[in-house]
Amino acid sequence: MKIVGVIPARGGSARFYNKPLANILGKPMVWWVYTHSKEVECFDEVYIATDSEEIKTVCESFGAKVIMTSSEHDTATERLYEVSQYIDADLYVMVNGDEPVIEAKDIIKCIPANLNKEEFYVSNLMTNFSDPVEVVDTSNLKIVTNKDGICLFISRSPIPFPKGGMNYTYQKFVGVGAFTKKAIQYYHETPRGPIEKIEENDSFRFIENRKDIYYINAHCETISVDTPKDIEKVEEYMLKSEKVPVI
C-alpha cells in the first residue's frame with residue numbers, strides 16, 4: 001500500500017497571516033511538522049501543499065517537496081483532494097501545518113493495521129484534555145464517539161453535558177487524519193450540510209451523511225497554533241520536553 005503524508009500550509013489566514021512560517025525556536029512552524037512527518041517510516045513520501053509562493057520557497061530551502069494548490073479552498077481537506085489529483089496513493093495522511101509538537105509515533109496511530117485500499121475509510125486523532133479550562137474554551141473541538149470509536153458529534157461546546165455525573169474524560173481534536181482515495185473523492189463530491197456550516201467543521205461532511213469517521217485516541221501532546229500567542233505555549237513545551245529536539 002502506498003501511503004503519503006500531506007501537510008496543508010495555507011498562507012492567507014486572516015487571524016494569523018503566513019502562520020506556517022511563524023518562528024518557533026529559530027525554525028518555521030511548518031519545518032517542525034515536516035520533520036516529524038518525515039520520521040514516519042511507512043510514508044512513501046511527504047508533501048507540503050500550499051497556496052503561497054513565499055511558503056513554497058521557504059519549504060524548498062529545507063528540502064521539502066511542495067505542491068502548489070489553489071487559494072480558493074475553504075478547508076484543508078479540499079486542499080488534500082487537489083493533492084490527490086496530482087499524487088496517486090492508496091492512503092493520504094493529512095498532518096495539519098499548525099501541529100508543531102505532534103510526533104511520528106502518534107501520527108501513525110490513524111493508520112489501520114489492515115485496510116483494503118478500495119474501501120471507504122476516514123480516521124482522525126484525538127486526545128484527552130489535561131486542563132478542565134480547555135474544555136469550555138470554544139477554540140477547542142470536543143469529540144464524542146460510540147464504543148467502536150466512530151464519531152457521533154463534534155462541537156466547540158462542552159459535550160457531552162455532565163447532567164448525570166462528572167465521571168467522564170473529555171476528548172479534543174488533533175489535526176491528523178487518514179483518508180482513502182474513495183473517501184477524499186466522496187468528500188469533494190458531497191455538498192456541505194447544515195451542521196457543517198454551523199459548526200464550521202468539515203468532519204460533518206461524513207457524519208451528516210452517515211459515513212463512519214473513526215476517532216482514535218492517541219493519548220498524545222498537542223498544541224494547535226491558532227494565534228501568535230500560542231507560539232509561546234509551543235516554545236515553552238519544547239524547551240521543557242525531552243522528546244522534542246531543541247535547535
# chains A, B, ... in the order shown; residues from 1 in each chain; ligands from 1

call {"tool": "closest_atom_pairs", "arguments": {"of": "region 153-239 of chain A", "to": "region 94-112 of chain A", "cutoff": "9 Å", "atoms": "only C-alpha atoms", "output": "CSV"}}
result
residue,atom,partner,partner_atom,distance
A:Val174,CA,A:Glu99,CA,8.1
A:Gly175,CA,A:Asn96,CA,5.2
A:Val176,CA,A:Val95,CA,4.6
A:Gly177,CA,A:Met94,CA,5.3
A:Ala178,CA,A:Cys110,CA,6.1
A:Phe179,CA,A:Met94,CA,8.1
A:Tyr214,CA,A:Cys110,CA,8.6
A:Tyr215,CA,A:Cys110,CA,8.2
A:Ile216,CA,A:Cys110,CA,6.6
A:Asn217,CA,A:Lys109,CA,8.4
A:Ala218,CA,A:Asp106,CA,6.0
A:His219,CA,A:Asp106,CA,8.2
A:Cys220,CA,A:Asp106,CA,6.6
A:Glu221,CA,A:Ile102,CA,6.8
A:Thr222,CA,A:Ile102,CA,6.0
A:Ile223,CA,A:Glu99,CA,6.3
A:Ser224,CA,A:Glu99,CA,5.1
A:Val225,CA,A:Asp98,CA,5.2
A:Asp226,CA,A:Asp98,CA,7.4
A:Val234,CA,A:Val101,CA,7.4
A:Tyr237,CA,A:Val101,CA,8.5
A:Met238,CA,A:Val101,CA,7.6

call {"tool": "write_last_selection", "arguments": {"atoms": "C-alpha atoms", "output": "CSV table (one decimal), in the first residue's frame"}}
result
chain,number,residue,atom,x,y,z
A,174,VAL,CA,-5.9,16.5,17.0
A,175,GLY,CA,-5.0,17.7,13.5
A,176,VAL,CA,-4.0,14.4,12.0
A,177,GLY,CA,-6.3,12.2,9.8
A,178,ALA,CA,-6.2,9.4,7.2
A,179,PHE,CA,-8.3,9.1,4.0
A,214,TYR,CA,-13.1,6.9,13.3
A,215,TYR,CA,-11.6,9.0,16.0
A,216,ILE,CA,-8.6,7.3,17.6
A,217,ASN,CA,-7.3,8.4,21.0
A,218,ALA,CA,-3.5,8.9,20.5
A,219,HIS,CA,-3.0,10.0,24.2
A,220,CYS,CA,-0.5,12.5,22.8
A,221,GLU,CA,0.6,16.0,23.5
A,222,THR,CA,-0.9,18.6,21.0
A,223,ILE,CA,-0.7,22.3,20.9
A,224,SER,CA,-2.5,23.6,17.9
A,225,VAL,CA,-1.4,27.1,16.9
A,226,ASP,CA,-4.3,29.4,16.1
A,234,VAL,CA,4.7,25.7,22.0
A,237,TYR,CA,6.6,22.9,25.9
A,238,MET,CA,9.6,22.2,23.5

call {"tool": "select_by_dssp", "arguments": {"residues": "region 8-185 of chain A", "states": "strand (DSSP E or B)", "output": "PyMOL selection string"}}
result
chain A and resi 8-9+23-24+27-28+45-50+65-68+91-95+122-128+142-145+150-155+171-180

call {"tool": "select_by_dssp", "arguments": {"residues": "region 70-198 of chain A", "states": "helix (DSSP H, G or I)", "output": "ChimeraX atom specification"}}
result
/A:76-86,104-110,132-135,181-189,194-198

call {"tool": "residues_around", "arguments": {"residues": "Ile195 (chain A)", "least_positions_apart": "3", "cutoff": "12 Å", "atoms": "only C-alpha atoms", "output": "JSON, numbers by chain"}}
result
{"A": [153, 154, 155, 191, 192, 198, 199, 200, 201, 202, 203, 204, 205, 206, 207, 208, 209]}

call {"tool": "closest_residue", "arguments": {"among": "A:Asn146, A:Cys59, A:Gln85, A:Lys211", "to": "Met29 (chain A)", "atoms": "only C-alpha atoms"}}
result
A:Cys59

call {"tool": "decode", "arguments": {"residues": "region 8-107 of chain A", "atoms": "C-alpha atoms", "output": "mmCIF file, in the first residue's frame"}}
result
data_model
loop_
_atom_site.group_PDB
_atom_site.id
_atom_site.type_symbol
_atom_site.label_atom_id
_atom_site.label_comp_id
_atom_site.auth_asym_id
_atom_site.auth_seq_id
_atom_site.Cartn_x
_atom_site.Cartn_y
_atom_site.Cartn_z
ATOM 1 C CA PRO A 8 -1.600 21.699 4.237
ATOM 2 C CA ALA A 9 0.097 25.074 4.725
ATOM 3 C CA ARG A 10 -2.214 27.927 3.781
ATOM 4 C CA GLY A 11 -0.682 31.383 3.664
ATOM 5 C CA GLY A 12 -3.611 33.758 3.789
ATOM 6 C CA SER A 13 -5.056 33.272 7.246
ATOM 7 C CA ALA A 14 -6.949 36.347 8.450
ATOM 8 C CA ARG A 15 -6.167 35.672 12.127
ATOM 9 C CA PHE A 16 -2.521 34.741 11.630
ATOM 10 C CA TYR A 17 -1.054 35.674 8.245
ATOM 11 C CA ASN A 18 1.566 33.216 6.916
ATOM 12 C CA LYS A 19 1.112 31.096 10.028
ATOM 13 C CA PRO A 20 3.180 28.165 8.668
ATOM 14 C CA LEU A 21 6.245 30.436 8.667
ATOM 15 C CA ALA A 22 5.850 31.516 12.300
ATOM 16 C CA ASN A 23 9.211 31.327 14.066
ATOM 17 C CA ILE A 24 9.476 28.557 16.656
ATOM 18 C CA LEU A 25 12.906 28.316 18.268
ATOM 19 C CA GLY A 26 14.600 29.554 15.117
ATOM 20 C CA LYS A 27 12.710 27.394 12.638
ATOM 21 C CA PRO A 28 9.425 27.997 10.755
ATOM 22 C CA MET A 29 6.497 26.075 12.235
ATOM 23 C CA VAL A 30 5.994 24.061 9.050
ATOM 24 C CA TRP A 31 9.597 22.797 9.390
ATOM 25 C CA TRP A 32 8.731 21.151 12.709
ATOM 26 C CA VAL A 33 5.628 19.484 11.248
ATOM 27 C CA TYR A 34 7.563 18.332 8.188
ATOM 28 C CA THR A 35 10.453 16.974 10.268
ATOM 29 C CA HIS A 36 8.154 14.865 12.458
ATOM 30 C CA SER A 37 6.208 13.660 9.405
ATOM 31 C CA LYS A 38 9.392 12.557 7.654
ATOM 32 C CA GLU A 39 10.128 10.326 10.647
ATOM 33 C CA VAL A 40 7.034 8.215 9.854
ATOM 34 C CA GLU A 41 8.636 5.113 8.346
ATOM 35 C CA CYS A 42 5.566 3.910 6.446
ATOM 36 C CA PHE A 43 5.230 7.150 4.482
ATOM 37 C CA ASP A 44 6.422 6.714 0.908
ATOM 38 C CA GLU A 45 6.742 10.482 0.649
ATOM 39 C CA VAL A 46 5.761 13.698 2.426
ATOM 40 C CA TYR A 47 4.430 16.748 0.574
ATOM 41 C CA ILE A 48 3.668 20.273 1.703
ATOM 42 C CA ALA A 49 0.576 21.689 -0.011
ATOM 43 C CA THR A 50 0.410 25.471 -0.075
ATOM 44 C CA ASP A 51 -1.076 28.393 -1.972
ATOM 45 C CA SER A 52 1.810 30.721 -1.136
ATOM 46 C CA GLU A 53 4.950 31.241 -3.219
ATOM 47 C CA GLU A 54 6.706 32.536 -0.107
ATOM 48 C CA ILE A 55 5.894 29.372 1.852
ATOM 49 C CA LYS A 56 6.939 27.256 -1.150
ATOM 50 C CA THR A 57 10.326 28.981 -1.306
ATOM 51 C CA VAL A 58 10.973 28.511 2.417
ATOM 52 C CA CYS A 59 9.918 24.856 2.363
ATOM 53 C CA GLU A 60 12.055 24.033 -0.647
ATOM 54 C CA SER A 61 15.015 25.663 1.107
ATOM 55 C CA PHE A 62 14.962 22.874 3.710
ATOM 56 C CA GLY A 63 14.450 20.137 1.123
ATOM 57 C CA ALA A 64 10.695 19.607 1.249
ATOM 58 C CA LYS A 65 8.637 18.580 -1.771
ATOM 59 C CA VAL A 66 5.978 21.238 -2.342
ATOM 60 C CA ILE A 67 2.748 21.127 -4.324
ATOM 61 C CA MET A 68 1.155 24.448 -5.236
ATOM 62 C CA THR A 69 -2.606 24.368 -4.693
ATOM 63 C CA SER A 70 -5.478 26.769 -5.202
ATOM 64 C CA SER A 71 -6.035 29.725 -2.869
ATOM 65 C CA GLU A 72 -9.792 29.163 -3.197
ATOM 66 C CA HIS A 73 -10.003 26.146 -0.882
ATOM 67 C CA ASP A 74 -12.187 26.641 2.200
ATOM 68 C CA THR A 75 -10.841 23.594 4.020
ATOM 69 C CA ALA A 76 -7.617 21.654 4.407
ATOM 70 C CA THR A 77 -9.431 18.512 3.234
ATOM 71 C CA GLU A 78 -10.326 20.169 -0.053
ATOM 72 C CA ARG A 79 -6.647 21.077 -0.455
ATOM 73 C CA LEU A 80 -5.852 17.410 0.212
ATOM 74 C CA TYR A 81 -8.278 16.421 -2.545
ATOM 75 C CA GLU A 82 -6.389 18.614 -5.010
ATOM 76 C CA VAL A 83 -3.136 16.916 -3.991
ATOM 77 C CA SER A 84 -4.771 13.533 -4.609
ATOM 78 C CA GLN A 85 -5.362 14.592 -8.221
ATOM 79 C CA TYR A 86 -1.613 15.043 -8.695
ATOM 80 C CA ILE A 87 -0.190 12.320 -6.458
ATOM 81 C CA ASP A 88 -1.579 8.806 -6.657
ATOM 82 C CA ALA A 89 -1.679 6.889 -3.376
ATOM 83 C CA ASP A 90 -3.814 4.354 -1.531
ATOM 84 C CA LEU A 91 -3.925 6.295 1.725
ATOM 85 C CA TYR A 92 -3.381 10.003 2.340
ATOM 86 C CA VAL A 93 -2.427 11.075 5.842
ATOM 87 C CA MET A 94 -3.030 14.753 6.474
ATOM 88 C CA VAL A 95 -0.933 16.374 9.193
ATOM 89 C CA ASN A 96 -2.118 19.898 9.842
ATOM 90 C CA GLY A 97 0.573 22.525 9.430
ATOM 91 C CA ASP A 98 -0.306 24.070 12.803
ATOM 92 C CA GLU A 99 0.547 20.945 14.852
ATOM 93 C CA PRO A 100 4.277 21.507 15.538
ATOM 94 C CA VAL A 101 4.632 19.159 18.540
ATOM 95 C CA ILE A 102 2.883 16.106 17.109
ATOM 96 C CA GLU A 103 5.339 13.189 16.815
ATOM 97 C CA ALA A 104 5.768 10.346 14.335
ATOM 98 C CA LYS A 105 4.766 7.712 16.902
ATOM 99 C CA ASP A 106 1.402 9.457 17.244
ATOM 100 C CA ILE A 107 0.846 10.246 13.563
#
